[in-house]
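Coordinates from data18.txt are shown below (compact mmCIF, C-alpha atoms).
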```
# COMPACT_ATOMS: atom_id res chain seq x y z
CA MET A 1 59.17 101.40 230.18
CA GLU A 2 60.71 103.41 233.02
CA LYS A 3 60.10 102.51 236.66
CA TYR A 4 61.08 104.32 239.85
CA ASP A 5 60.59 103.68 243.54
CA ILE A 6 59.15 107.19 243.95
CA VAL A 7 57.60 109.32 241.20
CA ILE A 8 56.79 112.96 241.95
CA ILE A 9 54.36 114.86 239.74
CA GLY A 10 55.26 118.54 239.91
CA GLY A 11 58.50 120.49 239.94
CA GLY A 12 57.48 123.23 242.34
CA PRO A 13 58.85 123.76 245.86
CA ALA A 14 56.75 120.90 247.27
CA GLY A 15 57.92 118.36 244.70
CA VAL A 16 61.58 119.34 244.95
CA THR A 17 61.43 119.32 248.76
CA VAL A 18 60.06 115.76 248.73
CA ALA A 19 63.04 114.65 246.62
CA GLU A 20 65.51 116.58 248.77
CA GLN A 21 64.15 115.14 252.03
CA ILE A 22 64.21 111.62 250.63
CA ARG A 23 67.86 111.99 249.69
CA LYS A 24 68.70 113.24 253.17
CA GLU A 25 67.26 110.04 254.61
CA ASN A 26 67.97 107.49 251.87
CA LYS A 27 70.60 107.47 249.11
CA ASN A 28 69.42 104.31 247.38
CA VAL A 29 65.75 104.60 246.39
CA SER A 30 65.17 105.79 242.83
CA VAL A 31 63.42 109.15 242.50
CA CYS A 32 61.90 110.84 239.45
CA ILE A 33 60.36 114.32 239.20
CA LEU A 34 57.95 114.97 236.33
CA SER A 35 57.64 118.68 235.56
CA HIS A 36 55.51 120.09 232.77
CA GLU A 37 57.67 123.22 232.64
CA LYS A 38 60.57 123.70 230.25
CA VAL A 39 62.98 125.18 232.81
CA LEU A 40 64.47 123.99 236.09
CA PRO A 41 62.16 124.26 239.11
CA TYR A 42 62.11 127.87 240.33
CA TYR A 43 60.88 130.20 243.07
CA ARG A 44 57.38 131.17 242.02
CA LEU A 45 57.33 133.90 244.68
CA LYS A 46 60.14 135.65 242.80
CA LEU A 47 58.29 135.91 239.49
CA GLY A 48 57.38 139.55 240.14
CA TYR A 49 60.99 140.56 240.71
CA TYR A 50 62.09 139.04 237.40
CA LEU A 51 59.49 140.92 235.39
CA GLN A 52 61.93 143.79 235.14
CA ASN A 53 65.19 142.04 236.03
CA PRO A 54 67.22 139.50 234.05
CA ILE A 55 66.81 135.89 235.18
CA ASP A 56 69.84 134.57 237.09
CA GLU A 57 70.73 131.51 239.14
CA LYS A 58 68.82 132.85 242.17
CA PHE A 59 65.59 132.26 240.29
CA PHE A 60 65.97 128.48 240.49
CA LEU A 61 65.37 126.21 243.49
CA LYS A 62 68.39 124.02 242.68
CA SER A 63 71.04 123.92 239.98
CA SER A 64 71.02 121.19 237.33
CA ASP A 65 74.16 119.81 238.97
CA TRP A 66 72.26 119.31 242.24
CA TYR A 67 69.80 116.87 240.63
CA LYS A 68 72.67 114.93 239.03
CA ALA A 69 74.73 114.85 242.24
CA ASN A 70 71.73 113.53 244.19
CA ASN A 71 70.80 110.98 241.51
CA ILE A 72 67.34 112.51 241.03
CA ARG A 73 65.84 112.08 237.58
CA LEU A 74 64.32 115.40 236.58
CA MET A 75 62.16 115.19 233.47
CA LEU A 76 61.27 118.64 232.14
CA ASN A 77 58.57 119.39 229.57
CA SER A 78 56.85 116.21 230.76
CA ARG A 79 53.17 116.82 231.30
CA VAL A 80 51.25 113.92 232.82
CA LYS A 81 48.13 113.15 230.82
CA GLU A 82 46.64 110.45 233.03
CA CYS A 83 47.40 108.28 236.04
CA ILE A 84 46.11 104.74 236.39
CA PHE A 85 46.45 104.13 240.10
CA GLU A 86 45.68 100.40 240.15
CA GLU A 87 48.44 99.85 237.57
CA LYS A 88 50.81 102.36 239.23
CA VAL A 89 51.51 104.10 235.95
CA ALA A 90 51.59 107.68 234.68
CA PHE A 91 51.04 108.36 230.99
CA LEU A 92 53.07 111.08 229.31
CA GLU A 93 53.32 111.96 225.63
CA GLY A 94 54.66 108.77 224.09
CA LYS A 95 55.93 107.41 227.40
CA LYS A 96 54.81 105.50 230.50
CA ILE A 97 56.34 105.93 233.96
CA HIS A 98 55.75 103.27 236.64
CA TRP A 99 56.04 103.82 240.36
CA ASP A 100 55.99 102.08 243.70
CA TYR A 101 55.01 105.33 245.43
CA LEU A 102 53.40 108.34 243.78
CA VAL A 103 53.59 111.90 245.13
CA ILE A 104 51.21 114.42 243.61
CA ALA A 105 52.68 117.91 243.99
CA SER A 106 51.19 119.35 240.83
CA GLY A 107 50.29 122.72 242.36
CA SER A 108 47.55 124.99 241.10
CA LYS A 109 46.75 127.40 238.30
CA PRO A 110 45.07 130.82 238.36
CA TYR A 111 41.33 131.03 238.08
CA LEU A 112 40.39 132.63 234.77
CA PRO A 113 36.68 133.29 233.99
CA GLU A 114 36.08 131.64 230.63
CA HIS A 115 33.08 133.83 229.82
CA LEU A 116 35.39 136.84 229.56
CA LEU A 117 37.65 135.24 226.97
CA ASN A 118 37.21 135.19 223.22
CA GLU A 119 39.40 135.54 220.15
CA LYS A 120 39.40 139.35 220.40
CA THR A 121 40.22 139.66 224.12
CA GLN A 122 42.66 136.78 224.65
CA ASN A 123 45.69 138.84 223.58
CA PHE A 124 44.98 141.36 226.35
CA VAL A 125 44.16 138.98 229.22
CA PHE A 126 46.94 137.30 231.20
CA THR A 127 47.61 135.31 234.34
CA PHE A 128 50.82 135.42 236.34
CA ARG A 129 51.82 132.23 238.09
CA ASN A 130 54.45 130.42 236.04
CA TYR A 131 57.52 130.88 233.87
CA ASN A 132 55.54 131.03 230.64
CA ASP A 133 53.37 133.82 232.09
CA LEU A 134 56.58 135.66 232.97
CA LEU A 135 57.90 135.45 229.41
CA LEU A 136 54.60 136.58 227.88
CA LEU A 137 54.30 139.57 230.21
CA GLN A 138 57.93 140.59 229.70
CA LYS A 139 57.25 140.89 225.97
CA ARG A 140 54.12 143.00 226.47
CA LEU A 141 55.15 145.32 229.30
CA SER A 142 57.21 147.63 227.14
CA GLN A 143 54.14 148.18 224.94
CA VAL A 144 51.63 149.05 227.68
CA ASN A 145 50.99 151.81 230.18
CA LYS A 146 47.66 151.08 231.90
CA VAL A 147 47.39 147.71 233.69
CA VAL A 148 44.39 146.33 235.60
CA ILE A 149 45.03 143.58 238.15
CA VAL A 150 42.12 141.49 239.41
CA GLY A 151 42.79 140.44 243.00
CA ALA A 152 44.31 142.31 245.93
CA GLY A 153 45.67 139.15 247.52
CA LEU A 154 49.32 138.48 248.29
CA LEU A 155 50.30 137.72 244.69
CA GLY A 156 48.20 140.55 243.26
CA LEU A 157 49.84 143.12 245.53
CA GLU A 158 53.32 141.76 244.84
CA LEU A 159 52.60 141.97 241.12
CA ALA A 160 51.39 145.56 241.44
CA SER A 161 54.57 146.41 243.33
CA ALA A 162 56.71 144.85 240.59
CA LEU A 163 54.88 146.96 237.98
CA GLU A 164 55.47 150.30 239.69
CA GLY A 165 55.95 152.91 237.00
CA LYS A 166 52.87 151.73 235.10
CA LYS A 167 49.41 153.16 235.69
CA ILE A 168 47.84 150.42 237.79
CA THR A 169 44.30 149.70 238.96
CA ILE A 170 43.57 146.83 241.36
CA ILE A 171 40.06 145.37 241.43
CA GLU A 172 39.09 143.37 244.52
CA LEU A 173 35.81 141.61 245.32
CA SER A 174 36.26 141.92 249.11
CA GLU A 175 35.50 145.11 250.96
CA ARG A 176 39.12 145.48 252.09
CA ILE A 177 42.64 144.38 251.24
CA LEU A 178 43.77 140.95 252.49
CA PRO A 179 40.72 140.33 254.70
CA LYS A 180 42.01 136.92 255.87
CA GLN A 181 45.51 138.09 256.76
CA LEU A 182 44.94 141.62 258.08
CA ASP A 183 42.60 143.39 260.47
CA ASP A 184 40.72 146.59 259.64
CA VAL A 185 43.55 148.85 260.81
CA ALA A 186 46.29 147.14 258.80
CA SER A 187 44.05 146.91 255.71
CA PHE A 188 43.34 150.64 255.87
CA LEU A 189 46.99 151.52 256.42
CA LEU A 190 48.14 149.35 253.53
CA LYS A 191 45.44 150.62 251.15
CA ASP A 192 46.24 154.23 252.00
CA TYR A 193 49.98 153.63 251.56
CA VAL A 194 49.53 151.92 248.19
CA GLU A 195 47.13 154.56 246.89
CA LYS A 196 49.63 157.30 247.77
CA LYS A 197 51.98 155.59 245.32
CA GLY A 198 49.49 156.36 242.55
CA ILE A 199 47.82 152.94 242.40
CA GLU A 200 44.03 152.91 242.19
CA ILE A 201 42.25 150.29 244.32
CA ILE A 202 38.57 149.51 243.70
CA LEU A 203 37.02 147.34 246.41
CA GLY A 204 33.76 145.41 246.64
CA THR A 205 33.36 144.86 242.91
CA LYS A 206 34.13 142.44 240.09
CA ILE A 207 34.39 142.44 236.31
CA GLU A 208 31.09 141.92 234.52
CA ASN A 209 32.28 142.27 230.94
CA ILE A 210 35.25 143.20 228.78
CA GLU A 211 35.41 144.43 225.19
CA THR A 212 38.32 145.31 222.93
CA CYS A 213 38.70 149.05 222.44
CA ARG A 214 41.52 151.21 220.98
CA ASN A 215 44.17 148.46 221.13
CA GLY A 216 43.15 147.67 224.70
CA LEU A 217 40.18 146.63 226.79
CA GLU A 218 37.14 148.45 228.07
CA ILE A 219 36.06 146.89 231.36
CA VAL A 220 32.61 147.11 232.90
CA LEU A 221 32.53 146.49 236.66
CA SER A 222 29.62 145.20 238.74
CA ASN A 223 29.32 148.63 240.37
CA GLY A 224 28.69 150.10 236.92
CA GLN A 225 32.03 151.87 236.77
CA PRO A 226 33.82 151.60 233.41
CA THR A 227 37.59 151.51 233.14
CA TYR A 228 40.12 151.06 230.36
CA CYS A 229 43.42 149.18 230.25
CA ASP A 230 46.12 148.02 227.88
CA LEU A 231 46.53 144.78 229.81
CA LEU A 232 44.35 142.77 232.23
CA ILE A 233 45.98 140.34 234.66
CA PHE A 234 43.97 137.89 236.78
CA SER A 235 45.45 137.11 240.18
CA ALA A 236 42.33 136.14 242.09
CA GLY A 237 41.97 132.56 243.23
CA VAL A 238 43.52 129.31 242.06
CA VAL A 239 42.35 125.91 240.82
CA PRO A 240 44.24 122.69 241.69
CA ASN A 241 46.08 121.00 238.81
CA THR A 242 44.36 117.61 238.83
CA GLU A 243 43.17 117.20 235.22
CA PHE A 244 45.24 114.02 234.89
CA ILE A 245 43.23 112.25 237.60
CA LYS A 246 40.53 110.36 235.68
CA SER A 247 40.54 107.05 237.55
CA PRO A 248 37.38 105.63 239.13
CA GLU A 249 39.10 105.84 242.55
CA ASN A 250 37.99 109.37 243.25
CA ILE A 251 40.57 111.04 245.49
CA LEU A 252 39.34 114.54 244.70
CA ASN A 253 37.11 116.80 246.77
CA SER A 254 34.44 119.20 245.53
CA LYS A 255 37.12 121.82 244.84
CA LYS A 256 39.02 119.31 242.68
CA GLY A 257 41.79 119.21 245.26
CA ILE A 258 43.24 115.98 246.65
CA GLU A 259 42.06 114.97 250.11
CA VAL A 260 44.80 113.70 252.42
CA ASN A 261 45.08 112.57 256.03
CA TYR A 262 47.58 113.90 258.56
CA LYS A 263 50.29 111.74 256.98
CA MET A 264 49.59 113.56 253.69
CA GLN A 265 48.36 110.23 252.35
CA THR A 266 45.38 109.82 250.03
CA LYS A 267 42.87 106.99 250.43
CA ILE A 268 45.14 105.05 248.05
CA SER A 269 47.88 103.89 250.43
CA ASN A 270 50.87 104.36 248.11
CA VAL A 271 49.72 107.76 246.77
CA TYR A 272 50.52 110.99 248.63
CA ALA A 273 49.89 114.66 247.92
CA CYS A 274 51.43 117.90 249.17
CA GLY A 275 51.54 121.63 248.49
CA ASP A 276 48.82 123.61 246.73
CA VAL A 277 47.03 120.52 245.42
CA ALA A 278 46.61 118.86 248.84
CA TYR A 279 43.60 119.50 251.06
CA ILE A 280 43.66 118.53 254.72
CA ASP A 281 40.44 118.81 256.73
CA GLY A 282 38.88 120.16 253.54
CA GLN A 283 41.20 123.16 253.40
CA ASN A 284 44.44 124.15 251.74
CA PRO A 285 46.61 126.81 253.40
CA GLY A 286 48.18 127.64 250.04
CA THR A 287 51.38 128.99 251.59
CA TRP A 288 55.07 128.45 250.93
CA THR A 289 55.45 127.13 254.47
CA PHE A 290 52.72 124.52 253.99
CA ALA A 291 54.29 123.40 250.70
CA LEU A 292 57.61 122.70 252.40
CA GLU A 293 56.24 121.18 255.61
CA SER A 294 53.74 118.90 253.86
CA ALA A 295 56.48 117.75 251.46
CA LYS A 296 58.81 116.77 254.30
CA ILE A 297 56.01 114.79 255.93
CA VAL A 298 55.34 112.93 252.67
CA ALA A 299 59.01 111.97 252.32
CA LYS A 300 59.31 110.70 255.88
CA ASN A 301 56.14 108.62 255.69
CA ILE A 302 57.15 107.01 252.40
CA LEU A 303 60.46 106.02 253.97
CA GLY A 304 58.71 104.51 257.01
CA PHE A 305 59.26 107.30 259.56
CA GLU A 306 55.67 107.77 260.67
CA THR A 307 55.15 111.52 260.83
CA PHE A 308 51.99 113.60 261.16
CA TYR A 309 51.14 117.11 260.02
CA GLN A 310 50.68 119.47 262.95
CA ASN A 311 47.74 121.68 262.04
CA MET A 312 49.37 124.86 263.27
CA PRO A 313 48.50 128.35 261.97
CA LEU A 314 50.92 129.09 259.15
CA PRO A 315 52.31 132.58 258.60
CA TYR A 316 51.60 134.68 255.54
CA PHE A 317 54.31 136.96 254.19
CA LEU A 318 54.09 140.01 251.96
CA LYS A 319 57.00 142.03 250.62
CA ALA A 320 55.74 144.80 248.37
CA PHE A 321 56.04 148.55 247.88
CA GLY A 322 59.00 148.63 250.26
CA LEU A 323 56.88 147.15 253.07
CA GLU A 324 57.08 143.84 254.92
CA ILE A 325 54.07 142.16 256.51
CA VAL A 326 53.81 138.94 258.51
CA SER A 327 50.44 137.59 259.64
CA ALA A 328 49.80 134.36 261.51
CA GLY A 329 46.77 132.84 263.21
CA ASP A 330 43.12 133.91 263.23
CA MET A 331 42.85 137.71 263.09
CA GLN A 332 39.04 137.64 262.78
CA ASN A 333 37.73 135.65 265.76
CA LEU A 334 38.60 138.07 268.57
CA GLN A 335 35.79 137.35 271.03
CA ASP A 336 37.05 137.05 274.64
CA ALA A 337 40.57 137.89 273.46
CA ASN A 338 43.16 140.13 275.04
CA ILE A 339 44.43 142.47 272.31
CA LEU A 340 47.83 144.14 272.44
CA GLU A 341 48.49 146.80 269.80
CA PHE A 342 51.10 149.36 268.79
CA LEU A 343 50.75 151.93 265.99
CA ASP A 344 53.20 154.48 264.62
CA LYS A 345 51.60 156.05 261.54
CA ARG A 346 54.65 158.19 260.77
CA LYS A 347 56.90 155.15 260.46
CA MET A 348 54.07 153.01 259.06
CA ILE A 349 54.55 150.46 261.86
CA TYR A 350 51.67 148.44 263.27
CA LYS A 351 51.80 145.44 265.59
CA LYS A 352 48.95 143.39 266.99
CA PHE A 353 49.02 140.34 269.27
CA VAL A 354 45.91 138.28 270.09
CA VAL A 355 45.92 136.32 273.36
CA LYS A 356 43.24 133.88 274.51
CA ASN A 357 43.47 131.89 277.74
CA ASN A 358 47.06 133.09 278.09
CA LYS A 359 47.93 131.64 274.67
CA LEU A 360 49.13 133.63 271.68
CA THR A 361 46.57 132.77 268.98
CA ALA A 362 47.51 135.32 266.32
CA TYR A 363 49.93 138.11 265.54
CA LEU A 364 50.32 140.76 262.87
CA LEU A 365 53.48 142.70 262.08
CA LEU A 366 53.45 145.59 259.61
CA ASN A 367 56.81 147.05 258.59
CA ASP A 368 58.62 145.79 261.69
CA THR A 369 58.91 142.02 261.37
CA LYS A 370 62.12 141.33 263.30
CA THR A 371 60.22 139.61 266.14
CA HIS A 372 58.45 137.15 263.82
CA LEU A 373 60.63 134.12 264.54
CA GLN A 374 60.37 134.68 268.29
CA LEU A 375 56.59 135.09 268.12
CA SER A 376 56.16 132.02 265.91
CA LYS A 377 57.53 129.85 268.74
CA PHE A 378 54.78 131.08 271.06
CA LEU A 379 51.91 130.67 268.61
CA ASN A 380 49.14 128.55 270.20
CA ASN A 381 51.28 128.21 273.33
CA HIS A 382 51.22 129.89 276.72
CA VAL A 383 53.03 133.20 276.72
CA ASP A 384 53.95 135.85 279.25
CA ILE A 385 51.94 139.01 278.60
CA LYS A 386 54.83 141.16 279.84
CA LEU A 387 57.07 139.58 277.22
CA LEU A 388 54.57 140.46 274.50
CA GLU A 389 54.31 143.99 275.82
CA ASN A 390 58.07 144.34 275.49
CA LEU A 391 57.92 143.02 271.93
CA LEU A 392 55.40 145.72 271.04
CA LYS A 393 57.99 148.45 271.61
```
Whole structure given in structure tokens:
Amino acid sequence: MEKYDIVIIGGGPAGVTVAEQIRKENKNVSVCILSHEKVLPYYRLKLGYYLQNPIDEKFFLKSSDWYKANNIRLMLNSRVKECIFEEKVAFLEGKKIHWDYLVIASGSKPYLPEHLLNEKTQNFVFTFRNYNDLLLLQKRLSQVNKVVIVGAGLLGLELASALEGKKITIIELSERILPKQLDDVASFLLKDYVEKKGIEIILGTKIENIETCRNGLEIVLSNGQPTYCDLLIFSAGVVPNTEFIKSPENILNSKKGIEVNYKMQTKISNVYACGDVAYIDGQNPGTWTFALESAKIVAKNILGFETFYQNMPLPYFLKAFGLEIVSAGDMQNLQDANILEFLDKRKMIYKKFVVKNNKLTAYLLLNDTKTHLQLSKFLNNHVDIKLLENLLK
């Protein structure tokens, strides 16, 4: 039997940040990270880059020496099968791990419609969210030309950018690109820019059926339009990784995510959650920033430094097709708002600031993001309109 003061399920950025923050505050408590992956924890946001580049040390969050130097037990290839909360034990294959405190940072997995999968189609349908997905796609890319990506979200667009050179079609259920992060102007500009690079974007539709055809797939869309591809990649929506939670103490919500309070604590006092698996006020921001911030809060509360999550609008970042986009705050609810905008179509620069009651409630930066850090300090705070006007230039 192995026992640790703090056991962390998940080797993503949230889980590693919990361990790192704990070591900054306390050198003595024992810490164990359980990761189901076979490689060191890595930057998931960099998966697209490594599709066509060799993996190097920049891919990983920390070196193996870092875990040893900080006396953090990292157990790779260690998938948790079940947790018994009242006994404070996690069951792995042939092993039990006991804890005093448990941190669930197990992340999420891509949504994949099961009705579209069968023995004939499974070799043509992929997801792209982890290291194993990366390896599988690397093997297939040299053999394919036409790729269909389902989902024009942040990860879908980054993936399409990484696959430039292939014939790419993006299928999106929404009527425009990134409807939560962008306004109509930015969505139109981005769509037009991407399409000029030879990428087809089909909006307002979804896949109804797929069939194998000529060593590829024939896809029937809900708008009746047929299309063909050598490879189909789903990047539309995620599902929390909580299959190991089978205890009667139900800490899951209707979306199978883990409900937490503002201390990132579940209703079981010694169990915390952070990152993609954690839902606060019934929602999960699903951003890199939230993963890191929620993890730091978990670590501090476990160590007795009472800390609360500040429900601030978190920025979204996109780097794709040679463009950079930063979006923060609510870009949709613009009633009674003062809007400041700047557009330079030739340089593909667009800026938009939303001010309500003299407070900056949202901002959007397309292809000129140097003012992001300055703007982030004003978000949801009083701001001088003249200052914002100067930042538009």
Self-check item: Shell around region 64-68 of chain A at 12 Å using only C-alpha atoms, local window under 4 positions removed, as JSON, numbers by chain
Solution: {"A": [11, 16, 17, 19, 20, 23, 31, 32, 33, 39, 40, 41, 42, 57, 60, 72, 73, 74, 75, 76]}
Practice problem: Calculate how many Å separate CA of Lys139 (chain A) from CA of Glu114 (chain A), rounding to one decimal. | Solution: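 Spanning CA of Lys139 (chain A) to CA of Glu114 (chain A) is a straight-line distance of 23.6 Å.
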Quiz prompt | Selected residue of minimal separation from Lys120 (chain A) among A:Ala14, A:Cys213, A:Ile6, A:Ala291, counting all atoms listed in the file | solution =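 With all atoms listed in the file as the atom set, the closest residue is A:Cys213.
Across A:Val18, A:Val383, A:Leu343, A:Leu51, the tightest approach to Asn357 (chain A) is made by A:Val383 when counting all atoms listed in the file.
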Quiz item: Quick one: distance from CA of Leu303 (chain A) to CA of Trp288 (chain A) in Å, one decimal?
Solution: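 So the answer is 23.3 Å.
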Practice problem: List the neighbours of region 319-335 of chain A out to 9 Å using only C-alpha atoms; skip same-chain residues closer than 6 positions along the sequence, and give me the result as a PyMOL selection string. | Solution: chain A and resi 154+157-162+164+179-183+193-194+197+312-313+348+354-356+360-369+372+376+379-380
Self-check item: Pick from A:Ala90, A:Leu141, A:Ala236, A:Leu387, whichever lies nearest to Arg129 (chain A) using all atoms listed in the file
Solution: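 Using all atoms listed in the file, the shortest distance to Arg129 (chain A) belongs to A:Ala236.
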Quiz item: Taking into account all atoms listed in the file, which residue in the set A:Lys191, A:Lys206, A:Lys255, A:His382 is nearest to Asn241 (chain A)?
Solution: A:Lys255
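Put simply, CA of Asp184 (chain A) is 24.0 Å away from CA of Leu373 (chain A).
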Quiz item: With distances taken over only C-alpha atoms, which of A:Val29, A:Val238, A:Leu391, A:Val7 is nearest to Tyr272 (chain A)?
Solution: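 Result for the nearest residue to Tyr272 (chain A): A:Val7.
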Padded axis-aligned box of region 51-60 of chain A (5 Å per side), centre and edge lengths, Å, one decimal, as JSON:
```
{"center_x": 65.1, "center_y": 136.1, "center_z": 238.1, "size_x": 21.2, "size_y": 25.3, "size_z": 18.1}
```
Quiz item: For Ile202 (chain A), which of A:Gln310, A:Ser174, A:Glu119, A:Asn77 is the closest residue, counting only C-alpha atoms?
Solution: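 Of the candidates, the smallest distance to Ile202 (chain A) is held by A:Ser174.
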Between region 186-211 of chain A and region 223-233 of chain A, at 9 Å or less, what are the per-residue closest atom pairs and their distances in Å? Count only C-alpha atoms, order by chain and rising residue number, and return it as a Markdown table.
```
| residue | atom | partner | partner_atom | distance |
| --- | --- | --- | --- | --- |
| A:Gly204 | CA | A:Asn223 | CA | 8.3 |
| A:Thr205 | CA | A:Asn223 | CA | 6.1 |
| A:Lys206 | CA | A:Asn223 | CA | 7.8 |
| A:Ile207 | CA | A:Asn223 | CA | 9.0 |
| A:Glu208 | CA | A:Gly224 | CA | 8.9 |
```
The selected residues should be written to file as a compact mmCIF listing (two decimals), keeping the file's coordinate frame (atoms: C-alpha atoms).
```
# COMPACT_ATOMS: atom_id res chain seq x y z
CA GLY A 204 33.76 145.41 246.64
CA THR A 205 33.36 144.86 242.91
CA LYS A 206 34.13 142.44 240.09
CA ILE A 207 34.39 142.44 236.31
CA GLU A 208 31.09 141.92 234.52
```
Exercise. May I have the residues within 12 Å of Gln52 (chain A) as a list in words, using only C-alpha atoms and disregarding those fewer than 2 positions away in the same chain?
Key: Lys46, Leu47, Gly48, Tyr49, Tyr50, Pro54, Ile55, Leu134, Leu135, Leu137, Gln138, Lys139, Arg140, Leu141, Ser142, Leu159, Ser161, Ala162, Leu163, Glu164 and Gly165 of chain A
Practice problem: Counting all atoms listed in the file, find the residues whose atoms lie at most 6 Å from (52.0, 115.5, 232.6) (file coordinates) and write them out as a list in words. | Solution: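 Residues satisfying the cut-off, written out: His36, Ser78, Arg79, Val80, Lys81 and Leu92 of chain A.
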For Gly286 (chain A), work out the shell of residues within 10 Å, counting all atoms listed in the file and skipping chain neighbours fewer than 4 positions away, then give it as a PDB file with C-alpha atoms, in the frame of the given file.
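Result saved to around23.pdb:
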```pdb
ATOM      1  CA  GLY A 107      50.290 122.720 242.360  1.00  0.00           C
ATOM      2  CA  SER A 108      47.550 124.990 241.100  1.00  0.00           C
ATOM      3  CA  VAL A 238      43.520 129.310 242.060  1.00  0.00           C
ATOM      4  CA  GLY A 275      51.540 121.630 248.490  1.00  0.00           C
ATOM      5  CA  ASP A 276      48.820 123.610 246.730  1.00  0.00           C
ATOM      6  CA  VAL A 277      47.030 120.520 245.420  1.00  0.00           C
ATOM      7  CA  ALA A 278      46.610 118.860 248.840  1.00  0.00           C
ATOM      8  CA  TYR A 279      43.600 119.500 251.060  1.00  0.00           C
ATOM      9  CA  PHE A 290      52.720 124.520 253.990  1.00  0.00           C
ATOM     10  CA  ALA A 291      54.290 123.400 250.700  1.00  0.00           C
ATOM     11  CA  LEU A 314      50.920 129.090 259.150  1.00  0.00           C
ATOM     12  CA  TYR A 316      51.600 134.680 255.540  1.00  0.00           C
TER      13      TYR A 316
END
```
Practice problem: For Lys166 (chain A), list every protein, DNA or RNA residue within 9 Å, evaluated using all atoms listed in the file, and leave out those in the same chain fewer than 5 positions away; present the list as a list of chain:residue names. | Solution: A:Leu141, A:Val144, A:Asn145, A:Lys146, A:Val147, A:Ala160, A:Ile199
